[in-house]
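Asker: Have a look at the structure that comes next, please.
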Amino acid sequence: MTSLKQPFLSVDALHKAFVLHGQGGMTLEVMRDLSLTLSPGECLVLAGPSGIGKSTLLKMLHGSYRVTAGRLTLHFEDGDLSLEALPAHAWHTLRRDVIGYVSQFLRVVPRVPAVEVVMEPLLARGVDEAEARLRAEAMLARLNLPERLWNLSPGTFSGGEQQRVNIARGFIAEHPLLLLDEPTASLDAANREVVVGLIEEAKARGAALLGIFHDEDVRERVADRLLPLTPHMGANVVTAQPATEEMRR
Amino acid sequence: MKRPDLNRAVLLEARGVSRLYGPGKGCEAVSLRLHRGEVLGIVGESGSGKSTLLRLLAGMERPDAGQVIYRASVAQGLDAAGHEGELDLYAIGEARRRALLRMEWGLVHQNPRDGLRLGVSAGANIGERLMALGERHYGQLRAAGQDWMGRVELDPERIDDAPRTFSGGMQQRLQIARTLVTRPNLVFMDEPTGGLDVSVQARLLDMLRTLVRELGLSVILVTHDLAVARLLAHRLMVMRRGQVVETGLTDQILDDPQHAYTQLLVSSVLTP
Amino acid sequence: MNSVDRREGPPADGYNFAYLDEQTKRMIRRGLLKAVAIPGYQVPFGGREMPMPYGWGTGGMQLTASVLGQDDVLKVIDQGADDTTNAVSIRAFFERVAGVATTTTTTEADVIQTRHRIPEQPLRQGQILIFQVPIPEPLRFIEPSEVETRLMHALEEYGVMHVKLYEDIARHGHIATTYAYPVKVDGRYVTDPSPIPKFDNPKLHMAESLMLFGAGREKRLYAIPPYTRVESLDFEDHPFEVQQWDVPCAICGARDTFLDEVITDDQGGRMFVCSDTDYCQSRAEEVA
């Protein structure tokens, strides 16, 4: 089922290559000529075997990876915004207010309790601390994280517990564009259900979602469309390049 | 949804600043902009020129060429366009420059002993900047001292103890309290976690993160430690031999480094 | 009563009037003019060797030598007393090399050189009080570099002075600095009033006399001209206060003077007497 709405995100002829200066300037092409559109309320799932480049698109959309060629555009009511050449400081606001990212792994900050990890996106927007805490606790409760863990740093949590903290953090701020990088990878069935529910709610409020799901069951339940990535995945396409001046020094 | 306003007012700007002590020593033609509320990390190995750059930016050393512009109006929350409140750091007099550093800015030294008065109590250390700004009420100075000791997780009961009776990590937290007590518009940090044990570092980093968010600090952070940069900085500048080789979002630089040197730097770290 | 001692005959042979050569005196006077023009500002001067070791008042003596005229009457006090070794020696010195009249009576003196006190008798217009100063720099305790302290003065970076007072209160519950208590002169320069007791600080404020300060070892001079505002630094909730005593002076009965504690025997006997001997004596005579 394709949404008839105006797309919120368009990706045109996206290309990504890594130049490995340490390997004599070898170029690793990981993505070629990828185009897609994504509308509000829609969940597009990237399909294809796991391997290098699976998260590359998400990372480019989140500003973590630079775009080698092609265009990334967000369509706002009052005009388009190109992401591929945004100055770095613009991403601070964009990440705070527009583009959310639920990565596979939680980057644990020592000593910061789980509930504060979840609160952070709200605090960054200036939400009152008490309110942020209430919402974070509700989110953690919903994800079945035992209450005794809320005020502990997730450093000692199991993989599944850490991931739930990360999911809570990713969904709490209700970004209009959500990038989901295998959010259900190490969850049990009950918590997968919760995540499916969160995704459905996000769609219902009009968020555009782009995700990677290895779990077929989840994928089938949340995906409005599948985008096969294989034709665009250029892993192991290697071009030798002369060593740069920098490396000869 | 409306297009978000992505522009942030520029608080500090360097335009082609150079200060060379010899070929490749010092820093050369560096330009940068620090936006309000942003933590800009300057990373590089020792000798890369990052500390020289910090000194130039903080008004402590006159560059051979280039300008450093501070927008006082931006600091005051007035995103005034134009040149109102724009200070050319090395065109204004030394008096004004030192007053800026004393009143409006803050500097956190790597070695807390460089930033503290070791001969006077913790409370006097925290109170000094307030006194310099004209606070003349002992009771209020003391209350501020105790409040800030709590904020940096020092026991407020120890307000009258001399800093030399504190551990290195405690001294560093005291220095941070002393610097931030006046809520400076711009903070310079030179390897703030250098020389501390790893466990102590973690606590300090977490504390700094919280303070940056709570106070909305704008920070220029010099560090050779990419893990510190990852945790604290929004944006990074990589320096080598006095020049900027790459700039970008912190995760851009660390996860998708473009320049050969940055790649080498990032790959040399065990767990960035 | 006339206690002025007019010596007979010219000053000792072989010495210029008041010991210093005229060039040196001129140089010091120029420095003094500058000091008067910038109240509280420390003016460097080319200090000369005096026939006395540093610490005995060589700075004050050079200033005295430079402002002394042949008709002036000189008084010298040390800790308020006219009869201590230091005061007697300096008085004798100027009698010999300048042949000026000397006195112990405050009201009769034109020039008073002092160490560590201001006379109790308020000074009048035309009188000059010259202080012997060991350490002229009030910021020295915290900043050893002269270059830096001069800059701190230039930029009015005086927050650190209150750090010292803060420490006092934190440690002792009150400002425990009792002498050389820092002042701000004419709302601008933080100045060391020399090691006078803080009891004397209020006498600096809007004084009728000219006050000159000379530091021989450090080769600095400074001035508080007549009718200059002089504030003692303090906190709103710990205002500046002078010392007070529970007993009056054991000799003259004064209750408003600075008292010295005098040990009278080996059994712990003691009494409190005015440190200003001239003032005490004149009061005792009035009472008698």
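The way I read the labels, and the way they are meant: chains A, B, ... in the order of the structure tokens, residue 1 as the first residue of every chain, and ligand 1 as the first ligand shown, with later ones counted on from there.
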Based on the backbone DSSP call, show me all residues of segment 38-174 of chain A assigned alpha helix (DSSP H), as JSON, numbers by chain.

Answerer: {"A": [56, 57, 58, 59, 60, 61, 88, 89, 90, 91, 92, 93, 94, 95, 96, 97, 114, 115, 116, 117, 118, 119, 120, 121, 122, 123, 124, 129, 130, 131, 132, 133, 134, 135, 136, 137, 138, 139, 140, 141, 142, 159, 160, 161, 162, 163, 164, 165, 166, 167, 168, 169, 170, 171, 172]}

Asker: Can you pull out every residue within 9 Å of Met61 of chain C, counting only C-alpha atoms, but drop anything in the same chain fewer than 3 positions away, and send it as a PyMOL selection string?

Answerer: chain C and resi 50+57-58+64-66+90+94+113+130+132+214+216

Asker: Sorted by chain and rising residue number, list the residues of chain A at most 9 Å from chain B (counting only C-alpha atoms), each with its closest atom pair and distance in Å to one decimal, as CSV.

Answerer:
residue,atom,partner,partner_atom,distance
A:Phe18,CA,B:Asp256,CA,8.0
A:Val19,CA,B:Gln258,CA,7.3
A:Leu20,CA,B:Ala260,CA,7.7
A:His21,CA,B:Ala260,CA,5.1
A:Gly22,CA,B:Leu264,CA,6.9
A:Gly25,CA,B:Ala260,CA,8.6
A:Gly63,CA,B:Gln252,CA,6.9
A:Ser64,CA,B:Gln252,CA,4.5
A:Tyr65,CA,B:Asp256,CA,5.4
A:Arg66,CA,B:Gln252,CA,7.0
A:Leu74,CA,B:Arg3,CA,8.9
A:His75,CA,B:Arg3,CA,8.2
A:Phe76,CA,B:Arg3,CA,5.3
A:Glu77,CA,B:Lys2,CA,5.3
A:Asp78,CA,B:Lys2,CA,5.8
A:Gly79,CA,B:Arg3,CA,6.8
A:Asp80,CA,B:Arg3,CA,7.7
A:Leu81,CA,B:Arg3,CA,7.6
A:Pro87,CA,B:Gly248,CA,8.0
A:Ala88,CA,B:Leu249,CA,5.4
A:His89,CA,B:Arg235,CA,7.4
A:Ala90,CA,B:Leu6,CA,4.9
A:Trp91,CA,B:Leu6,CA,7.7
A:His92,CA,B:His234,CA,7.6
A:Thr93,CA,B:Leu6,CA,6.0
A:Leu94,CA,B:Leu6,CA,7.1
A:Asp97,CA,B:Pro4,CA,7.9
A:Val98,CA,B:Pro4,CA,8.2
A:Val109,CA,B:Asp206,CA,7.2
A:Pro110,CA,B:Ala202,CA,5.9
A:Arg111,CA,B:Arg203,CA,6.9
A:Val112,CA,B:Asp206,CA,7.0
A:Leu123,CA,B:Arg213,CA,8.3
A:Ala124,CA,B:Arg213,CA,7.3
A:Pro176,CA,B:Met1,CA,8.4
A:Thr244,CA,B:Ala260,CA,8.3
A:Glu246,CA,B:Ala260,CA,6.7
A:Met247,CA,B:Ala260,CA,6.7

Asker: Using only C-alpha atoms for the distances, tell me which of A:Asn166, A:Ser186, A:Lys5, A:Pro113 is nearest to Leu152 of chain A.

Answerer: A:Pro113

Asker: Find the residues near segment 44-52 of chain B: any atom within 10 Å, counting only C-alpha atoms, skip ones fewer than 4 places away on the same chain, and give them as a PyMOL selection string.

Answerer: chain B and resi 18-21+24-28+56-58+60-61+63+189-191+221-226+237-245+261-262+265

Asker: Could you pull the residues within 10 Å of Asn191 of chain A, counting only C-alpha atoms, minus those fewer than 5 positions along the same chain, as a ChimeraX atom specification?

Answerer: /A:142-145,160,164,184,186,196-197

Asker: Using backbone DSSP assignments, extract all strand (DSSP E or B) residues from segment 9-254 of chain C; output them as a PyMOL selection string.

Answerer: chain C and resi 16+19+43-44+73-78+81+101-102+111-115+128-132+179+183-185+189-191+197+210-215+220-224+230-232+235+238

Asker: List the neighbours of segment 154-164 of chain C out to 10 Å using only C-alpha atoms; skip same-chain residues closer than 6 positions along the sequence, and give me the result as a ChimeraX atom specification.

Answerer: /B:94-96,98-99,102,117,120-121,123-136,138 /C:41,138-139,141-143,148,170,175-177,182-184,188-190,233-235

Asker: Which value, in Å to one decimal, gives the distance between atom CA of Ala17 of chain A and atom CA of Leu178 of chain A?

Answerer: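 Taking atom CA of Ala17 of chain A as the start and atom CA of Leu178 of chain A as the end point, the length is 24.0 Å.
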
Asker: Work out how far apart atom CA of Ala204 of chain A and atom CA of Ala189 of chain A are and give it in Å to one decimal.

Answerer: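 Interatomic distance, atom CA of Ala204 of chain A to atom CA of Ala189 of chain A: 22.5 Å.
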
Asker: Quick one: everything within 12 Å of Val68 of chain B, counting only C-alpha atoms, minus sequence neighbours fewer than 6 positions away in the same chain. Send it as a ChimeraX atom specification.

Answerer: /B:11-18,29-34,53-62,86-92,97

Asker: For the selection you just gave me, I'd like the residues written to a file as a compact mmCIF listing (two decimals), in the first residue's frame, keeping C-alpha atoms.

Answerer:
# COMPACT_ATOMS: atom_id res chain seq x y z
CA LEU B 11 29.17 33.53 19.42
CA LEU B 12 32.85 33.35 18.57
CA GLU B 13 34.51 33.44 15.21
CA ALA B 14 38.13 33.05 14.18
CA ARG B 15 39.13 34.39 10.81
CA GLY B 16 42.40 33.03 9.53
CA VAL B 17 44.27 33.21 12.80
CA SER B 18 47.93 32.25 12.74
CA ALA B 29 45.28 30.24 9.11
CA VAL B 30 42.57 28.68 11.25
CA SER B 31 39.00 29.81 10.79
CA LEU B 32 36.12 28.56 12.87
CA ARG B 33 32.75 29.51 14.23
CA LEU B 34 31.31 28.57 17.57
CA LEU B 53 44.69 27.88 19.02
CA LEU B 54 42.92 27.84 22.36
CA ARG B 55 45.20 30.58 23.64
CA LEU B 56 44.53 32.69 20.56
CA LEU B 57 40.78 32.21 20.86
CA ALA B 58 40.74 32.94 24.57
CA GLY B 59 42.52 36.24 24.17
CA MET B 60 45.65 35.06 25.92
CA GLU B 61 48.00 35.30 22.98
CA ARG B 62 47.94 37.74 20.11
CA GLU B 86 30.89 42.62 17.89
CA LEU B 87 34.28 42.67 19.54
CA ASP B 88 37.50 42.18 17.64
CA LEU B 89 39.41 40.55 20.44
CA TYR B 90 42.80 41.92 19.56
CA ALA B 91 41.60 45.33 18.45
CA ILE B 92 40.06 46.12 21.82
CA ARG B 97 40.14 41.63 26.87

Asker: Excluding same-chain residues fewer than 2 positions from Val287 of chain C, what lies within 12 Å of it counting only C-alpha atoms, as an MDAnalysis selection string?

Answerer: chainID C and resid 251:254 280:285

Asker: Please, what distance in Å, to one decimal, runs between atom CA of Phe272 of chain C and atom CA of Ala250 of chain C?

Answerer: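 Calculated distance between atom CA of Phe272 of chain C and atom CA of Ala250 of chain C is 5.8 Å.
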
Asker: With only C-alpha atoms as the basis for distance, which of C:Pro202, C:Gly187, C:Pro197, C:Gly99 is at the shortest distance from Gly40 of chain C?

Answerer: C:Gly187

Asker: Using only C-alpha atoms, can you tell me which of C:Phe199, C:Thr178, C:Val262, C:Met152 comes closest to chain B?

Answerer: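 The closest residue to chain B is C:Met152.
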